[in-house]
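Next comes protein_27.pdb, a file with PDB, C-alpha atoms.
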ATOM      1  CA  MET I  19       0.000   0.000   0.000
ATOM      2  CA  THR I  20       1.344   3.422  -0.937
ATOM      3  CA  CYS I  21       0.324   7.027  -0.430
ATOM      4  CA  GLY I  22      -0.442   9.398  -3.289
ATOM      5  CA  ASN I  23       3.227  10.367  -3.532
ATOM      6  CA  GLY I  24       4.390   6.768  -3.948
ATOM      7  CA  LEU I  25       5.808   6.255  -0.445
ATOM      8  CA  SER I  26       5.173   2.840   1.067
ATOM      9  CA  LEU I  27       2.689   2.847   3.941
ATOM     10  CA  ALA I  28       2.411  -0.889   4.596
ATOM     11  CA  VAL I  29       3.732  -4.182   3.241
ATOM     12  CA  ALA I  30       2.248  -7.652   3.704
ATOM     13  CA  PRO I  31       4.186 -10.463   2.000
ATOM     14  CA  SER I  32       2.087 -13.407   0.890
ATOM     15  CA  GLY I  33       2.075 -16.357  -1.437
ATOM     16  CA  ALA I  34       1.391 -15.911  -5.126
ATOM     17  CA  ASN I  35      -1.902 -17.811  -4.892
ATOM     18  CA  VAL I  36      -3.500 -15.567  -2.221
ATOM     19  CA  ASN I  37      -6.191 -13.168  -3.441
ATOM     20  CA  ASP I  38      -5.446  -9.480  -2.868
ATOM     21  CA  HIS I  39      -8.751  -8.698  -1.187
ATOM     22  CA  LEU I  40      -8.006 -11.169   1.619
ATOM     23  CA  LEU I  41      -4.930  -9.170   2.677
ATOM     24  CA  LEU I  42      -6.605  -5.758   2.802
ATOM     25  CA  PRO I  43      -7.512  -5.849   6.544
ATOM     26  CA  THR I  44      -3.912  -6.784   7.371
ATOM     27  CA  LEU I  45      -2.575  -3.906   5.284
ATOM     28  CA  LEU I  46      -4.969  -1.408   6.828
ATOM     29  CA  ASP I  47      -3.947  -2.541  10.329
ATOM     30  CA  ARG I  48      -0.251  -2.045   9.527
ATOM     31  CA  VAL I  49      -0.527   1.579   8.398
ATOM     32  CA  ARG I  50       1.080   3.901  10.950
ATOM     33  CA  PRO I  51       0.020   7.514  11.600
ATOM     34  CA  LEU I  52       0.618   9.649   8.516
ATOM     35  CA  ARG I  53       3.039  12.531   9.039
ATOM     36  CA  GLY I  54       4.304  15.358   6.889
ATOM     37  CA  ARG I  55       1.847  18.153   7.584
ATOM     38  CA  ALA I  56       1.983  20.644  10.430
ATOM     39  CA  GLY I  57       0.024  19.661  13.531
ATOM     40  CA  GLN I  58      -1.123  16.282  14.796
ATOM     41  CA  PRO I  59      -0.312  13.283  12.572
ATOM     42  CA  ARG I  60      -3.368  11.890  10.810
ATOM     43  CA  ARG I  61      -4.444   8.660  12.472
ATOM     44  CA  ARG I  62      -6.244   6.931   9.640
ATOM     45  CA  ILE I  63      -6.656   6.659   5.905
ATOM     46  CA  THR I  64      -9.627   8.555   4.462
ATOM     47  CA  ASN I  65      -9.568   7.420   0.789
ATOM     48  CA  LEU I  66      -8.501   4.214  -0.908
ATOM     49  CA  ILE I  67      -8.050   3.655  -4.650
ATOM     50  CA  ALA I  68      -7.889   0.012  -5.682
ATOM     51  CA  ASN I  69      -8.028  -2.106  -8.822
ATOM     52  CA  LYS I  70     -10.604  -4.722  -9.801
ATOM     53  CA  GLY I  71      -8.967  -7.343  -7.590
ATOM     54  CA  TYR I  72     -10.573  -5.656  -4.576
ATOM     55  CA  ASP I  73     -14.168  -5.556  -5.888
ATOM     56  CA  TYR I  74     -15.718  -7.885  -3.292
ATOM     57  CA  PRO I  75     -18.512  -7.307  -0.746
ATOM     58  CA  SER I  76     -16.154  -8.094   2.151
ATOM     59  CA  VAL I  77     -13.848  -5.246   1.069
ATOM     60  CA  TYR I  78     -16.714  -2.756   0.920
ATOM     61  CA  SER I  79     -17.909  -3.763   4.394
ATOM     62  CA  GLU I  80     -14.361  -3.506   5.793
ATOM     63  CA  LEU I  81     -13.966  -0.007   4.350
ATOM     64  CA  ARG I  82     -17.380   1.020   5.676
ATOM     65  CA  GLN I  83     -16.455  -0.166   9.198
ATOM     66  CA  ARG I  84     -13.241   1.896   9.079
ATOM     67  CA  HIS I  85     -14.967   4.991   7.597
ATOM     68  CA  ILE I  86     -12.803   4.888   4.458
ATOM     69  CA  THR I  87     -14.093   6.085   1.095
ATOM     70  CA  GLY I  88     -13.229   3.428  -1.484
ATOM     71  CA  TYR I  89     -12.740   4.066  -5.197
ATOM     72  CA  ILE I  90     -12.673   0.550  -6.621
ATOM     73  CA  ALA I  91     -13.067  -0.378 -10.280
ATOM     74  CA  ARG I  92     -15.895  -2.845 -10.915
ATOM     75  CA  ARG I  93     -15.109  -6.297 -12.243
ATOM     76  CA  GLY I  94     -16.310  -6.871 -15.789
ATOM     77  CA  THR I  95     -16.236  -3.183 -16.740
ATOM     78  CA  ARG I  96     -13.704  -0.748 -18.164
ATOM     79  CA  ASP I  97     -13.778   1.727 -15.275
ATOM     80  CA  LYS I  98     -11.122   4.429 -15.202
ATOM     81  CA  VAL I  99     -11.072   4.586 -11.400
ATOM     82  CA  THR I 100      -7.506   3.324 -11.142
ATOM     83  CA  ALA I 101      -5.908   6.033 -13.272
ATOM     84  CA  GLY I 102      -3.397   6.622 -10.454
ATOM     85  CA  ARG I 103      -2.272   3.001 -10.519
ATOM     86  CA  TRP I 104       1.042   4.013 -12.098
ATOM     87  CA  ILE I 105       2.091   5.463  -8.719
ATOM     88  CA  VAL I 106       1.985   1.987  -7.153
ATOM     89  CA  GLU I 107       3.762   0.403 -10.131
ATOM     90  CA  GLN I 108       6.496   3.055  -9.906
ATOM     91  CA  THR I 109       6.940   2.256  -6.207
ATOM     92  CA  PHE I 110       7.366  -1.461  -7.010
ATOM     93  CA  ALA I 111       9.979  -0.641  -9.644
TER      94      ALA I 111
END
Since I need it in another form, could you write the structure as structure tokens?
Amino acid sequence: MTCGNGLSLAVAPSGANVNDHLLLPTLLDRVRPLRGRAGQPRRRITNLIANKGYDYPSVYSELRQRHITGYIARRGTRDKVTAGRWIVEQTFA
């Protein structure tokens, strides 16, 4: 998981055969307070952009419980929600 600037916020290594949506709660738990602005560090994530691999009812309920606004592309469509995906790919590189 990365922030909008491409800095890593959390990492959860897993096997290649584990679906991404199953690791989302673990990743969200591992995010530390976000710093960089004046004042108190932000304690939680407010927005999440994800690809089609996260389009599951369990993900939506998890985000709702944590009061996070999710922008997730729908499976089976050509949504342009993940236009910022290149930031994550650049971080991996």
### Near-Asp38 in chain I list (12 Å; all atoms listed in the file; drop same-chain fewer than 5 positions) as a list in words
Met19, Ala30, Pro31, Ser32, Gly33, Pro43, Thr44, Leu45, Ala68, Asn69, Lys70, Gly71, Tyr72, Asp73, Tyr74, Ser76 and Val77 of chain I
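For the pair CA of Ile63 in chain I and CA of Leu27 in chain I, the separation is 10.3 Å.
Note that the spacing between CA of Thr64 in chain I and CA of Leu81 in chain I amounts to 9.6 Å.
In this model, the gap between CA of Tyr89 in chain I and CA of Asn65 in chain I comes to 7.6 Å.
For the choices I:Pro75, I:Leu40, I:Gln108, I:Arg96, the atom-to-atom distance to Ser26 in chain I is smallest for I:Gln108 when using only C-alpha atoms.
Considering the residues I:Leu42, I:Val49, I:Ile67, I:Ala56 and counting all atoms listed in the file, Ser79 in chain I has its shortest atom-to-atom contact with I:Leu42.
Using only C-alpha atoms, the nearest neighbour of His85 in chain I within the list I:Leu46, I:Thr20, I:Gly57, I:Ala28 is I:Leu46.
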Output as lines of an AutoDock Vina configuration file the centre and edge lengths (Å, one decimal) of the box along x, y and z of the file that holds every listed atom of range 70-73 of chain I after adding 6 Å on each side.
center_x = -11.6
center_y = -6.0
center_z = -7.2
size_x = 17.2
size_y = 14.6
size_z = 17.2
